[in-house]
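S.K.: Structure below; questions to follow.
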Amino acid sequence: MKPTNPLFTGMPTTIFEVMSRLAVETGAINLGQGFPDTEGPEAIRRAAADAVMTGSNQYPSMMGIPALRQAVADANRRFLGLDVDWQSEVLVTSGATEAIADAILGLVAPGDEVVLIEPLYDCYVPMVRQAGGIPKLVRITPPHWEIDPDALAAAFSERTKAILINTPMNPAGKVFTGEELQLIADLCQRFDAYVIADEVYEHLVFDGRAHLSPMQLPGMRDRVVRIGSAGKTFSLTGWKIGYITAAPHLLAPIAKAHQFVTFTTPPNLQAAVAVGLALDDAYYAGFKAGLQAKRDRLSAGLADLGFDVLASGGTYFVTTDTGPLGIADDREACLTMTREAGVAAVPVSAFYASDPPSTFIRFCFCKKDEVLDAALDRLARWMRRAA
Ligand code: PMP
Ligand code: GLN
């Protein structure tokens with residue numbers, strides 16, 4: 001029989017699924033895949049339940065229900081000071097993953113180059129390739145995760161259609177600085193390129209820093225496709241509601257991709273997310289403070305165990321070296337730690353397309369305090385025994 005698509009055929013299952021399955025099989029505490037172990041705000045879940053019972057359960061409008069598109073436009077103004085027309089500049093998608101796929105399909109034509117920064121979320125490279133694009137990889141590495149401006153500039157050319165960035169960045173916990181974003185903006189203006197900005201952790205920027213979107217920079221308003229996720233913002237990762245903000249000339253082709261990828265997104269969940277985006281400042285402040293405290297709790301516990309804990313300025317994640325585990329290779333370390341210590345994490349090498357740094361692992365801290373403490377206890381016991 002004819003071969004199936006070589007891009008996907010034989011591709012390994014994503015590391016998140018692999019580690020979560022192993023955690024379930026072995027009864028390990030799962031600090032691998034990024035998802036909270038508490039449910040999102042009750043007001044949002046109740047709004048969804050009510051909408052199922054009293055609202056329409058038929059196809060909603062392709063662009064998303066007006067209430068959610070208006071709420072996304074309002075949130076852009078409230079949190080970033082951006083003026084957004086909800087009718088022509090907002091699209092609702094089935095998760096940020098779909099939003100990324102739609103943005104790539106809508107902007108990238110075969111032969112276009114797309115600059116990607118490693119470590120990267122694992123759908124970026126395959127989606128660019130499937131669109132016929134050519135990934136131009138620029139890497140940043142632990143422990144400092146610094147961008148080399150010359151390497152970044154060298155990745156751009158007249159063939160560059162877009163750069164895809166993720167800030168705050170999974171798994172690094174890196175929050176791009178204003179200077180780094182300006183560097184990217186300057187290159188995009190020089191080479192007439194777009195930015196696809198994966199900002200799913202926009203409400204998880206810690207230590208009093210404000211989230212900065214490249215869309216806020218001078219001259220960038222109409223060059224940036226900004227992507228958010230209700231899953232991350234409201235601790236409802238299973239809902240898969242994403243949203244895109246982009247100027248009309250960019251959103252139009254992206255919406256055409258969306259119409260053939262999923263077409264629509266469950267209307268009841270959309271209605272509930274609109275309620276979420278309108279929650280008061282206390283919700284957002286509490287969410288951020290709560291996760292920052294968890295970052296600090298897990299980071300301190302890991303440091304006490306002898307790990308080199310790298311700074312995390314945002315996201316759900318903190319990364320460490322593998323040193324104190326006595327197993328240098330990150331993948332081996334994660335598999336053995338899951339099976340023997342009963343704590344799952346994710347190898348950072350999984351976020352590089354080739355030749356990765358291989359001695360760093362990612363722990364997810366969006367878990368109940370007692371779960372983080374139990375994971376630290378298990379690790380301590382195992383590391384004592386293994387020593
Ligand atoms: N981008 C990044 C960087 C992520 O960590 C995630 C979370 N899995 C996504 C995109 C996808 O978000 P969603 O679950 O809304 O599709
Ligand atoms: N974004 C989540 C993580 O990095 C996982 C999402 C997924 O499993 N695809 O852990």
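Chain labels A, B, ... are given in the sequence in which chains occur in the structure tokens; within each chain residues are numbered consecutively from 1, and ligands are likewise numbered from 1 in the order shown.
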Using only C-alpha atoms, which protein or nucleic acid residues come within 10 Å of Tyr121 (chain A)? Drop anything in the same chain fewer than 6 positions from it, and give the result as a PyMOL selection string.
M.R.: chain A and resi 97+165-166+169-171+198+350-352
S.K.: Excluding region 87-95 of chain A and residues on its chain fewer than 3 positions from it, collect all residues at most 7 Å away from it, counting only C-alpha atoms, and give them as a PDB file with all heavy atoms, in the first residue's frame.
M.R.:
```pdb
ATOM      1  N   MET A  63     -16.767  32.371  13.776  1.00  0.00           N
ATOM      2  CA  MET A  63     -15.714  33.195  14.396  1.00  0.00           C
ATOM      3  C   MET A  63     -15.709  33.078  15.916  1.00  0.00           C
ATOM      4  O   MET A  63     -14.766  33.520  16.573  1.00  0.00           O
ATOM      5  CB  MET A  63     -15.916  34.672  14.022  1.00  0.00           C
ATOM      6  CG  MET A  63     -15.811  34.969  12.544  1.00  0.00           C
ATOM      7  SD  MET A  63     -14.186  34.594  11.871  1.00  0.00           S
ATOM      8  CE  MET A  63     -13.207  35.922  12.580  1.00  0.00           C
ATOM      9  N   GLY A  64     -16.759  32.478  16.480  1.00  0.00           N
ATOM     10  CA  GLY A  64     -16.897  32.438  17.933  1.00  0.00           C
ATOM     11  C   GLY A  64     -18.125  33.242  18.331  1.00  0.00           C
ATOM     12  O   GLY A  64     -18.557  34.117  17.568  1.00  0.00           O
ATOM     13  N   ARG A  69     -16.049  36.935  21.872  1.00  0.00           N
ATOM     14  CA  ARG A  69     -15.172  37.803  21.068  1.00  0.00           C
ATOM     15  C   ARG A  69     -15.101  39.205  21.676  1.00  0.00           C
ATOM     16  O   ARG A  69     -14.037  39.824  21.735  1.00  0.00           O
ATOM     17  CB  ARG A  69     -15.645  37.844  19.623  1.00  0.00           C
ATOM     18  CG  ARG A  69     -15.377  36.492  18.933  1.00  0.00           C
ATOM     19  CD  ARG A  69     -16.313  36.245  17.779  1.00  0.00           C
ATOM     20  NE  ARG A  69     -16.089  37.151  16.678  1.00  0.00           N
ATOM     21  CZ  ARG A  69     -17.024  37.466  15.772  1.00  0.00           C
ATOM     22  NH1 ARG A  69     -18.249  36.949  15.863  1.00  0.00           N
ATOM     23  NH2 ARG A  69     -16.736  38.263  14.787  1.00  0.00           N
ATOM     24  N   VAL A  84      -9.041  46.810  20.209  1.00  0.00           N
ATOM     25  CA  VAL A  84      -9.277  45.688  19.302  1.00  0.00           C
ATOM     26  C   VAL A  84     -10.748  45.681  18.877  1.00  0.00           C
ATOM     27  O   VAL A  84     -11.642  45.846  19.713  1.00  0.00           O
ATOM     28  CB  VAL A  84      -8.928  44.358  20.031  1.00  0.00           C
ATOM     29  CG1 VAL A  84      -9.401  43.155  19.235  1.00  0.00           C
ATOM     30  CG2 VAL A  84      -7.427  44.285  20.285  1.00  0.00           C
ATOM     31  N   GLU A  98      -5.053  24.675  18.297  1.00  0.00           N
ATOM     32  CA  GLU A  98      -5.705  24.928  17.007  1.00  0.00           C
ATOM     33  C   GLU A  98      -5.361  26.322  16.500  1.00  0.00           C
ATOM     34  O   GLU A  98      -5.144  26.530  15.295  1.00  0.00           O
ATOM     35  CB  GLU A  98      -7.234  24.774  17.109  1.00  0.00           C
ATOM     36  CG  GLU A  98      -7.869  24.649  15.739  1.00  0.00           C
ATOM     37  CD  GLU A  98      -9.116  25.483  15.474  1.00  0.00           C
ATOM     38  OE1 GLU A  98      -9.809  25.872  16.422  1.00  0.00           O
ATOM     39  OE2 GLU A  98      -9.408  25.748  14.298  1.00  0.00           O
ATOM     40  N   ALA A  99      -5.278  27.267  17.422  1.00  0.00           N
ATOM     41  CA  ALA A  99      -4.956  28.647  17.030  1.00  0.00           C
ATOM     42  C   ALA A  99      -3.580  28.691  16.347  1.00  0.00           C
ATOM     43  O   ALA A  99      -3.399  29.375  15.332  1.00  0.00           O
ATOM     44  CB  ALA A  99      -4.968  29.555  18.256  1.00  0.00           C
ATOM     45  N   SER A 229      -5.152  31.264  25.775  1.00  0.00           N
ATOM     46  CA  SER A 229      -5.814  29.987  26.067  1.00  0.00           C
ATOM     47  C   SER A 229      -6.573  30.064  27.380  1.00  0.00           C
ATOM     48  O   SER A 229      -5.980  30.351  28.427  1.00  0.00           O
ATOM     49  CB  SER A 229      -4.769  28.872  26.170  1.00  0.00           C
ATOM     50  OG  SER A 229      -5.341  27.704  26.755  1.00  0.00           O
ATOM     51  N   LYS A 240     -10.112  23.278  26.147  1.00  0.00           N
ATOM     52  CA  LYS A 240      -9.573  23.608  24.831  1.00  0.00           C
ATOM     53  C   LYS A 240     -10.331  24.766  24.177  1.00  0.00           C
ATOM     54  O   LYS A 240     -10.972  24.624  23.128  1.00  0.00           O
ATOM     55  CB  LYS A 240      -9.605  22.366  23.920  1.00  0.00           C
ATOM     56  CG  LYS A 240      -8.778  21.199  24.440  1.00  0.00           C
ATOM     57  CD  LYS A 240      -7.289  21.462  24.463  1.00  0.00           C
ATOM     58  CE  LYS A 240      -6.675  21.414  23.094  1.00  0.00           C
ATOM     59  NZ  LYS A 240      -5.177  21.476  23.212  1.00  0.00           N
ATOM     60  N   ILE A 241     -10.273  25.905  24.837  1.00  0.00           N
ATOM     61  CA  ILE A 241     -10.782  27.136  24.229  1.00  0.00           C
ATOM     62  C   ILE A 241      -9.604  28.086  24.076  1.00  0.00           C
ATOM     63  O   ILE A 241      -8.965  28.450  25.062  1.00  0.00           O
ATOM     64  CB  ILE A 241     -11.853  27.836  25.106  1.00  0.00           C
ATOM     65  CG1 ILE A 241     -12.995  26.888  25.460  1.00  0.00           C
ATOM     66  CG2 ILE A 241     -12.367  29.095  24.398  1.00  0.00           C
ATOM     67  CD1 ILE A 241     -13.974  26.623  24.357  1.00  0.00           C
ATOM     68  N   GLY A 242      -9.321  28.469  22.837  1.00  0.00           N
ATOM     69  CA  GLY A 242      -8.253  29.426  22.579  1.00  0.00           C
ATOM     70  C   GLY A 242      -8.835  30.646  21.882  1.00  0.00           C
ATOM     71  O   GLY A 242     -10.000  30.643  21.461  1.00  0.00           O
ATOM     72  N   TYR A 243      -8.022  31.699  21.789  1.00  0.00           N
ATOM     73  CA  TYR A 243      -8.486  32.878  21.059  1.00  0.00           C
ATOM     74  C   TYR A 243      -7.301  33.571  20.402  1.00  0.00           C
ATOM     75  O   TYR A 243      -6.193  33.576  20.920  1.00  0.00           O
ATOM     76  CB  TYR A 243      -9.248  33.873  21.942  1.00  0.00           C
ATOM     77  CG  TYR A 243      -9.029  33.722  23.420  1.00  0.00           C
ATOM     78  CD1 TYR A 243      -7.959  34.350  24.055  1.00  0.00           C
ATOM     79  CD2 TYR A 243      -9.893  32.933  24.189  1.00  0.00           C
ATOM     80  CE1 TYR A 243      -7.758  34.202  25.418  1.00  0.00           C
ATOM     81  CE2 TYR A 243      -9.686  32.782  25.552  1.00  0.00           C
ATOM     82  CZ  TYR A 243      -8.616  33.417  26.164  1.00  0.00           C
ATOM     83  OH  TYR A 243      -8.405  33.255  27.513  1.00  0.00           O
ATOM     84  N   ILE A 244      -7.601  34.124  19.228  1.00  0.00           N
ATOM     85  CA  ILE A 244      -6.583  34.834  18.448  1.00  0.00           C
ATOM     86  C   ILE A 244      -6.995  36.288  18.323  1.00  0.00           C
ATOM     87  O   ILE A 244      -8.169  36.577  18.041  1.00  0.00           O
ATOM     88  CB  ILE A 244      -6.476  34.243  17.024  1.00  0.00           C
ATOM     89  CG1 ILE A 244      -6.095  32.764  17.094  1.00  0.00           C
ATOM     90  CG2 ILE A 244      -5.478  35.032  16.178  1.00  0.00           C
ATOM     91  CD1 ILE A 244      -5.940  32.101  15.735  1.00  0.00           C
ATOM     92  N   THR A 245      -6.023  37.174  18.517  1.00  0.00           N
ATOM     93  CA  THR A 245      -6.239  38.587  18.218  1.00  0.00           C
ATOM     94  C   THR A 245      -5.254  38.954  17.117  1.00  0.00           C
ATOM     95  O   THR A 245      -4.048  38.698  17.260  1.00  0.00           O
ATOM     96  CB  THR A 245      -5.954  39.460  19.460  1.00  0.00           C
ATOM     97  OG1 THR A 245      -6.755  38.994  20.552  1.00  0.00           O
ATOM     98  CG2 THR A 245      -6.275  40.921  19.190  1.00  0.00           C
ATOM     99  N   ALA A 246      -5.759  39.512  16.036  1.00  0.00           N
ATOM    100  CA  ALA A 246      -4.872  39.919  14.934  1.00  0.00           C
ATOM    101  C   ALA A 246      -5.593  40.930  14.056  1.00  0.00           C
ATOM    102  O   ALA A 246      -6.833  40.943  13.993  1.00  0.00           O
ATOM    103  CB  ALA A 246      -4.449  38.711  14.094  1.00  0.00           C
ATOM    104  N   ALA A 247      -4.812  41.755  13.381  1.00  0.00           N
ATOM    105  CA  ALA A 247      -5.385  42.742  12.457  1.00  0.00           C
ATOM    106  C   ALA A 247      -6.202  42.021  11.388  1.00  0.00           C
ATOM    107  O   ALA A 247      -5.907  40.867  11.052  1.00  0.00           O
ATOM    108  CB  ALA A 247      -4.262  43.552  11.818  1.00  0.00           C
ATOM    109  N   PRO A 248      -7.224  42.696  10.847  1.00  0.00           N
ATOM    110  CA  PRO A 248      -8.147  42.030   9.905  1.00  0.00           C
ATOM    111  C   PRO A 248      -7.451  41.341   8.727  1.00  0.00           C
ATOM    112  O   PRO A 248      -7.859  40.245   8.335  1.00  0.00           O
ATOM    113  CB  PRO A 248      -9.041  43.170   9.409  1.00  0.00           C
ATOM    114  CG  PRO A 248      -8.980  44.196  10.500  1.00  0.00           C
ATOM    115  CD  PRO A 248      -7.624  44.081  11.134  1.00  0.00           C
ATOM    116  N   LEU A 251      -6.153  38.167  10.238  1.00  0.00           N
ATOM    117  CA  LEU A 251      -7.171  37.272  10.804  1.00  0.00           C
ATOM    118  C   LEU A 251      -8.009  36.615   9.704  1.00  0.00           C
ATOM    119  O   LEU A 251      -8.433  35.464   9.846  1.00  0.00           O
ATOM    120  CB  LEU A 251      -8.082  38.028  11.782  1.00  0.00           C
ATOM    121  CG  LEU A 251      -8.885  37.075  12.676  1.00  0.00           C
ATOM    122  CD1 LEU A 251      -7.971  36.351  13.663  1.00  0.00           C
ATOM    123  CD2 LEU A 251      -9.990  37.803  13.433  1.00  0.00           C
ATOM    124  N   ALA A 255      -8.813  32.758   9.730  1.00  0.00           N
ATOM    125  CA  ALA A 255     -10.194  32.276   9.934  1.00  0.00           C
ATOM    126  C   ALA A 255     -10.594  31.274   8.843  1.00  0.00           C
ATOM    127  O   ALA A 255     -11.369  30.346   9.082  1.00  0.00           O
ATOM    128  CB  ALA A 255     -11.164  33.455   9.952  1.00  0.00           C
ATOM    129  N   THR A 265     -16.379  25.903  17.838  1.00  0.00           N
ATOM    130  CA  THR A 265     -15.917  25.484  19.160  1.00  0.00           C
ATOM    131  C   THR A 265     -17.145  25.458  20.072  1.00  0.00           C
ATOM    132  O   THR A 265     -18.008  26.333  19.934  1.00  0.00           O
ATOM    133  CB  THR A 265     -14.858  26.514  19.626  1.00  0.00           C
ATOM    134  OG1 THR A 265     -13.748  26.456  18.721  1.00  0.00           O
ATOM    135  CG2 THR A 265     -14.375  26.252  21.034  1.00  0.00           C
TER     136      THR A 265
END
```
S.K.: Check the DSSP output for the backbone and give back, as a CSV table (one decimal) with all heavy atoms, in the first residue's frame, the residues of region 7-167 of chain A in strand (DSSP E or B).
M.R.:
```
chain,number,residue,atom,x,y,z
A,29,ILE,N,3.2,10.5,41.2
A,29,ILE,CA,2.7,11.8,41.3
A,29,ILE,C,3.1,12.5,40.0
A,29,ILE,O,4.3,12.5,39.7
A,29,ILE,CB,3.2,12.6,42.5
A,29,ILE,CG1,2.7,11.9,43.8
A,29,ILE,CG2,2.9,14.1,42.4
A,29,ILE,CD1,3.3,12.5,45.1
A,30,ASN,N,2.2,13.1,39.3
A,30,ASN,CA,2.5,13.6,37.9
A,30,ASN,C,2.9,15.1,37.9
A,30,ASN,O,2.0,15.9,37.9
A,30,ASN,CB,1.3,13.3,37.0
A,30,ASN,CG,1.6,13.5,35.5
A,30,ASN,OD1,2.8,14.0,35.2
A,30,ASN,ND2,0.7,13.2,34.7
A,90,VAL,N,-10.9,39.3,16.2
A,90,VAL,CA,-10.9,38.2,17.2
A,90,VAL,C,-11.5,36.9,16.6
A,90,VAL,O,-12.6,37.0,16.0
A,90,VAL,CB,-11.7,38.6,18.5
A,90,VAL,CG1,-11.7,37.5,19.5
A,90,VAL,CG2,-11.1,39.9,19.1
A,91,LEU,N,-10.8,35.8,16.9
A,91,LEU,CA,-11.3,34.5,16.4
A,91,LEU,C,-11.2,33.6,17.6
A,91,LEU,O,-10.2,33.5,18.3
A,91,LEU,CB,-10.5,34.0,15.3
A,91,LEU,CG,-10.7,32.6,14.8
A,91,LEU,CD1,-12.1,32.4,14.1
A,91,LEU,CD2,-9.6,32.1,13.9
A,92,VAL,N,-12.3,32.8,17.8
A,92,VAL,CA,-12.2,31.8,18.9
A,92,VAL,C,-11.9,30.4,18.3
A,92,VAL,O,-12.4,30.1,17.2
A,92,VAL,CB,-13.6,31.7,19.6
A,92,VAL,CG1,-13.6,30.5,20.6
A,92,VAL,CG2,-14.0,33.0,20.2
A,93,THR,N,-11.0,29.7,18.9
A,93,THR,CA,-10.5,28.4,18.4
A,93,THR,C,-10.7,27.3,19.4
A,93,THR,O,-10.9,27.6,20.6
A,93,THR,CB,-9.0,28.5,18.0
A,93,THR,OG1,-8.3,28.8,19.2
A,93,THR,CG2,-8.8,29.5,16.9
A,113,GLU,N,10.1,30.7,5.1
A,113,GLU,CA,10.8,30.4,6.3
A,113,GLU,C,10.2,30.9,7.5
A,113,GLU,O,9.6,32.0,7.5
A,113,GLU,CB,12.3,30.9,6.2
A,113,GLU,CG,13.0,30.2,5.0
A,113,GLU,CD,14.5,30.7,4.9
A,113,GLU,OE1,14.9,31.6,5.6
A,113,GLU,OE2,15.2,30.1,4.1
A,114,VAL,N,10.2,30.1,8.6
A,114,VAL,CA,9.6,30.5,9.8
A,114,VAL,C,10.7,30.3,10.9
A,114,VAL,O,11.2,29.3,11.1
A,114,VAL,CB,8.4,29.6,10.2
A,114,VAL,CG1,7.8,30.1,11.5
A,114,VAL,CG2,7.3,29.7,9.0
A,115,VAL,N,11.0,31.4,11.6
A,115,VAL,CA,12.0,31.4,12.7
A,115,VAL,C,11.3,30.8,13.9
A,115,VAL,O,10.2,31.3,14.3
A,115,VAL,CB,12.6,32.8,12.9
A,115,VAL,CG1,13.6,32.7,14.1
A,115,VAL,CG2,13.2,33.3,11.6
A,116,LEU,N,11.9,29.9,14.5
A,116,LEU,CA,11.4,29.2,15.8
A,116,LEU,C,12.5,29.2,16.8
A,116,LEU,O,13.7,29.0,16.5
A,116,LEU,CB,11.0,27.8,15.5
A,116,LEU,CG,9.9,27.5,14.4
A,116,LEU,CD1,9.8,26.1,14.1
A,116,LEU,CD2,8.6,28.1,14.9
A,117,ILE,N,12.2,29.5,18.1
A,117,ILE,CA,13.2,29.5,19.1
A,117,ILE,C,13.1,28.2,20.0
A,117,ILE,O,12.0,28.0,20.6
A,117,ILE,CB,13.0,30.7,20.0
A,117,ILE,CG1,13.1,32.0,19.1
A,117,ILE,CG2,14.1,30.8,21.1
A,117,ILE,CD1,12.9,33.3,19.9
A,118,GLU,N,14.1,27.4,19.9
A,118,GLU,CA,14.2,26.3,20.8
A,118,GLU,C,14.6,26.7,22.2
A,118,GLU,O,15.5,27.6,22.3
A,118,GLU,CB,15.2,25.2,20.3
A,118,GLU,CG,14.8,24.6,19.0
A,118,GLU,CD,15.9,23.7,18.5
A,118,GLU,OE1,17.0,24.2,18.1
A,118,GLU,OE2,15.7,22.5,18.6
A,134,ILE,N,9.6,26.3,6.1
A,134,ILE,CA,11.0,25.8,6.4
A,134,ILE,C,11.3,26.4,7.8
A,134,ILE,O,11.5,27.6,7.9
A,134,ILE,CB,12.0,26.2,5.4
A,134,ILE,CG1,11.5,25.6,4.0
A,134,ILE,CG2,13.4,25.8,5.7
A,134,ILE,CD1,12.2,26.3,2.8
A,135,PRO,N,11.4,25.5,8.8
A,135,PRO,CA,11.8,26.0,10.1
A,135,PRO,C,13.2,26.5,10.2
A,135,PRO,O,14.1,25.8,9.7
A,135,PRO,CB,11.6,24.8,11.1
A,135,PRO,CG,10.9,23.7,10.3
A,135,PRO,CD,11.1,24.0,8.8
A,136,LYS,N,13.5,27.6,10.7
A,136,LYS,CA,14.8,28.2,10.9
A,136,LYS,C,15.0,28.2,12.4
A,136,LYS,O,14.4,29.1,13.1
A,136,LYS,CB,15.0,29.6,10.3
A,136,LYS,CG,14.8,29.6,8.8
A,136,LYS,CD,15.8,28.8,8.0
A,136,LYS,CE,17.1,29.5,7.9
A,136,LYS,NZ,18.0,28.7,7.0
A,137,LEU,N,15.7,27.3,13.0
A,137,LEU,CA,15.8,27.2,14.4
A,137,LEU,C,16.9,28.0,15.0
A,137,LEU,O,18.0,28.0,14.5
A,137,LEU,CB,16.0,25.7,14.8
A,137,LEU,CG,14.8,24.8,14.4
A,137,LEU,CD1,15.2,23.3,14.6
A,137,LEU,CD2,13.6,25.1,15.2
A,138,VAL,N,16.5,28.7,16.1
A,138,VAL,CA,17.5,29.5,16.9
A,138,VAL,C,17.4,28.9,18.3
A,138,VAL,O,16.3,28.7,18.8
A,138,VAL,CB,17.1,31.0,16.9
A,138,VAL,CG1,18.1,31.7,17.8
A,138,VAL,CG2,17.0,31.6,15.6
A,139,ARG,N,18.5,28.6,18.9
A,139,ARG,CA,18.4,28.0,20.2
A,139,ARG,C,18.8,28.9,21.4
A,139,ARG,O,19.7,29.7,21.2
A,139,ARG,CB,19.1,26.6,20.2
A,139,ARG,CG,20.6,26.7,20.2
A,139,ARG,CD,21.2,25.3,20.4
A,139,ARG,NE,20.5,24.3,19.7
A,139,ARG,CZ,20.3,23.0,20.0
A,139,ARG,NH1,20.9,22.6,21.1
A,139,ARG,NH2,19.7,22.2,19.3
A,160,THR,N,11.9,35.1,5.1
A,160,THR,CA,11.2,34.9,6.4
A,160,THR,C,9.8,35.4,6.4
A,160,THR,O,9.6,36.6,6.1
A,160,THR,CB,12.0,35.6,7.6
A,160,THR,OG1,13.3,35.2,7.5
A,160,THR,CG2,11.3,35.3,8.9
A,161,LYS,N,8.8,34.5,6.6
A,161,LYS,CA,7.5,35.0,6.6
A,161,LYS,C,7.1,35.3,8.1
A,161,LYS,O,6.3,36.3,8.3
A,161,LYS,CB,6.5,33.8,6.1
A,161,LYS,CG,5.0,34.1,6.1
A,161,LYS,CD,4.7,35.3,5.3
A,161,LYS,CE,4.7,35.1,3.8
A,161,LYS,NZ,3.7,34.2,3.3
A,162,ALA,N,7.6,34.6,9.0
A,162,ALA,CA,7.1,34.8,10.4
A,162,ALA,C,8.1,34.3,11.4
A,162,ALA,O,8.9,33.4,11.1
A,162,ALA,CB,5.8,34.2,10.7
A,163,ILE,N,8.0,34.8,12.6
A,163,ILE,CA,8.7,34.2,13.8
A,163,ILE,C,7.6,33.8,14.7
A,163,ILE,O,6.6,34.5,14.9
A,163,ILE,CB,9.8,35.1,14.4
A,163,ILE,CG1,10.4,34.5,15.6
A,163,ILE,CG2,9.1,36.5,14.8
A,163,ILE,CD1,11.6,35.2,16.2
A,164,LEU,N,7.8,32.6,15.3
A,164,LEU,CA,6.8,32.1,16.3
A,164,LEU,C,7.5,32.1,17.7
A,164,LEU,O,8.5,31.5,17.8
A,164,LEU,CB,6.4,30.7,15.9
A,164,LEU,CG,5.1,30.1,16.5
A,164,LEU,CD1,4.9,28.7,15.9
A,164,LEU,CD2,5.0,30.1,17.9
A,165,ILE,N,7.0,32.9,18.6
A,165,ILE,CA,7.6,33.0,19.9
A,165,ILE,C,6.6,32.6,21.0
A,165,ILE,O,5.4,32.7,20.7
A,165,ILE,CB,8.2,34.4,20.2
A,165,ILE,CG1,7.1,35.4,20.3
A,165,ILE,CG2,9.2,34.8,19.2
A,165,ILE,CD1,7.6,36.7,20.9
A,166,ASN,N,7.1,32.2,22.1
A,166,ASN,CA,6.2,31.8,23.2
A,166,ASN,C,6.7,32.6,24.5
A,166,ASN,O,7.8,32.3,25.0
A,166,ASN,CB,6.4,30.3,23.4
A,166,ASN,CG,5.7,29.7,24.6
A,166,ASN,OD1,6.2,28.8,25.3
A,166,ASN,ND2,4.5,30.3,25.0
```
S.K.: Env of Val346 (chain A): 8 Å cut, atoms = only C-alpha atoms, seq-sep filter 6 positions within chain, self excluded. Answer as a list in words.
M.R.: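 Surrounding residues, per the criterion: Ile15, Phe16, Met19, Leu31, Gly32, Gln33, Arg331, Cys334, Ile361, Arg362 and Phe363 of chain A.
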S.K.: Assign secondary structure with DSSP using the backbone only, and return the residues of region 90-151 of chain A in alpha helix (DSSP H) as an MDAnalysis selection string.
M.R.: chainID A and resid 95:107 124:130 149:151
S.K.: Kindly save the residues from that selection, with N, CA, C and O atoms included, as a compact mmCIF listing (two decimals), in the first residue's frame.
M.R.:
```
# COMPACT_ATOMS: atom_id res chain seq x y z
N GLY A 95 -8.85 25.62 21.46
CA GLY A 95 -7.55 25.56 22.14
C GLY A 95 -6.51 26.40 21.41
O GLY A 95 -6.65 26.71 20.21
N ALA A 96 -5.45 26.74 22.15
CA ALA A 96 -4.34 27.46 21.54
C ALA A 96 -3.66 26.59 20.48
O ALA A 96 -3.11 27.09 19.51
N THR A 97 -3.72 25.29 20.67
CA THR A 97 -3.09 24.38 19.69
C THR A 97 -3.73 24.59 18.32
O THR A 97 -3.03 24.68 17.30
N GLU A 98 -5.05 24.68 18.30
CA GLU A 98 -5.71 24.93 17.01
C GLU A 98 -5.36 26.32 16.50
O GLU A 98 -5.14 26.53 15.29
N ALA A 99 -5.28 27.27 17.42
CA ALA A 99 -4.96 28.65 17.03
C ALA A 99 -3.58 28.69 16.35
O ALA A 99 -3.40 29.37 15.33
N ILE A 100 -2.62 27.95 16.91
CA ILE A 100 -1.27 27.93 16.33
C ILE A 100 -1.33 27.30 14.93
O ILE A 100 -0.75 27.82 13.96
N ALA A 101 -2.06 26.20 14.82
CA ALA A 101 -2.19 25.54 13.51
C ALA A 101 -2.85 26.48 12.51
O ALA A 101 -2.38 26.63 11.37
N ASP A 102 -3.94 27.12 12.91
CA ASP A 102 -4.65 28.04 11.99
C ASP A 102 -3.73 29.19 11.56
O ASP A 102 -3.73 29.59 10.39
N ALA A 103 -2.98 29.73 12.55
CA ALA A 103 -2.12 30.87 12.23
C ALA A 103 -1.05 30.45 11.22
O ALA A 103 -0.78 31.17 10.25
N ILE A 104 -0.47 29.28 11.42
CA ILE A 104 0.56 28.81 10.50
C ILE A 104 -0.05 28.53 9.13
O ILE A 104 0.46 28.97 8.09
N LEU A 105 -1.18 27.84 9.12
CA LEU A 105 -1.81 27.53 7.82
C LEU A 105 -2.26 28.80 7.10
O LEU A 105 -2.20 28.89 5.88
N GLY A 106 -2.70 29.78 7.87
CA GLY A 106 -3.21 31.02 7.26
C GLY A 106 -2.11 31.93 6.74
O GLY A 106 -2.34 32.72 5.82
N LEU A 107 -0.91 31.85 7.32
CA LEU A 107 0.14 32.80 6.95
C LEU A 107 1.25 32.19 6.10
O LEU A 107 1.86 32.88 5.29
N TYR A 124 5.02 22.96 17.17
CA TYR A 124 5.44 24.05 16.26
C TYR A 124 6.10 23.52 14.98
O TYR A 124 5.71 23.90 13.87
N VAL A 125 7.12 22.69 15.15
CA VAL A 125 7.89 22.27 13.96
C VAL A 125 7.03 21.45 13.00
O VAL A 125 7.00 21.74 11.79
N PRO A 126 6.30 20.42 13.48
CA PRO A 126 5.48 19.65 12.52
C PRO A 126 4.44 20.51 11.80
O PRO A 126 4.18 20.31 10.61
N MET A 127 3.86 21.48 12.51
CA MET A 127 2.84 22.30 11.84
C MET A 127 3.46 23.18 10.76
O MET A 127 2.89 23.35 9.68
N VAL A 128 4.61 23.74 11.04
CA VAL A 128 5.28 24.56 10.03
C VAL A 128 5.63 23.69 8.82
O VAL A 128 5.38 24.06 7.66
N ARG A 129 6.16 22.48 9.10
CA ARG A 129 6.56 21.61 7.98
C ARG A 129 5.35 21.19 7.16
O ARG A 129 5.39 21.16 5.93
N GLN A 130 4.24 20.86 7.85
CA GLN A 130 3.06 20.40 7.11
C GLN A 130 2.51 21.51 6.21
O GLN A 130 1.94 21.24 5.16
N PRO A 149 21.67 37.75 20.08
CA PRO A 149 21.09 38.63 19.04
C PRO A 149 21.64 38.33 17.65
O PRO A 149 20.91 38.42 16.66
N ASP A 150 22.92 37.95 17.57
CA ASP A 150 23.50 37.68 16.25
C ASP A 150 22.90 36.42 15.63
O ASP A 150 22.61 36.38 14.43
N ALA A 151 22.71 35.40 16.49
CA ALA A 151 22.12 34.15 15.98
C ALA A 151 20.69 34.40 15.53
O ALA A 151 20.23 33.87 14.51
```
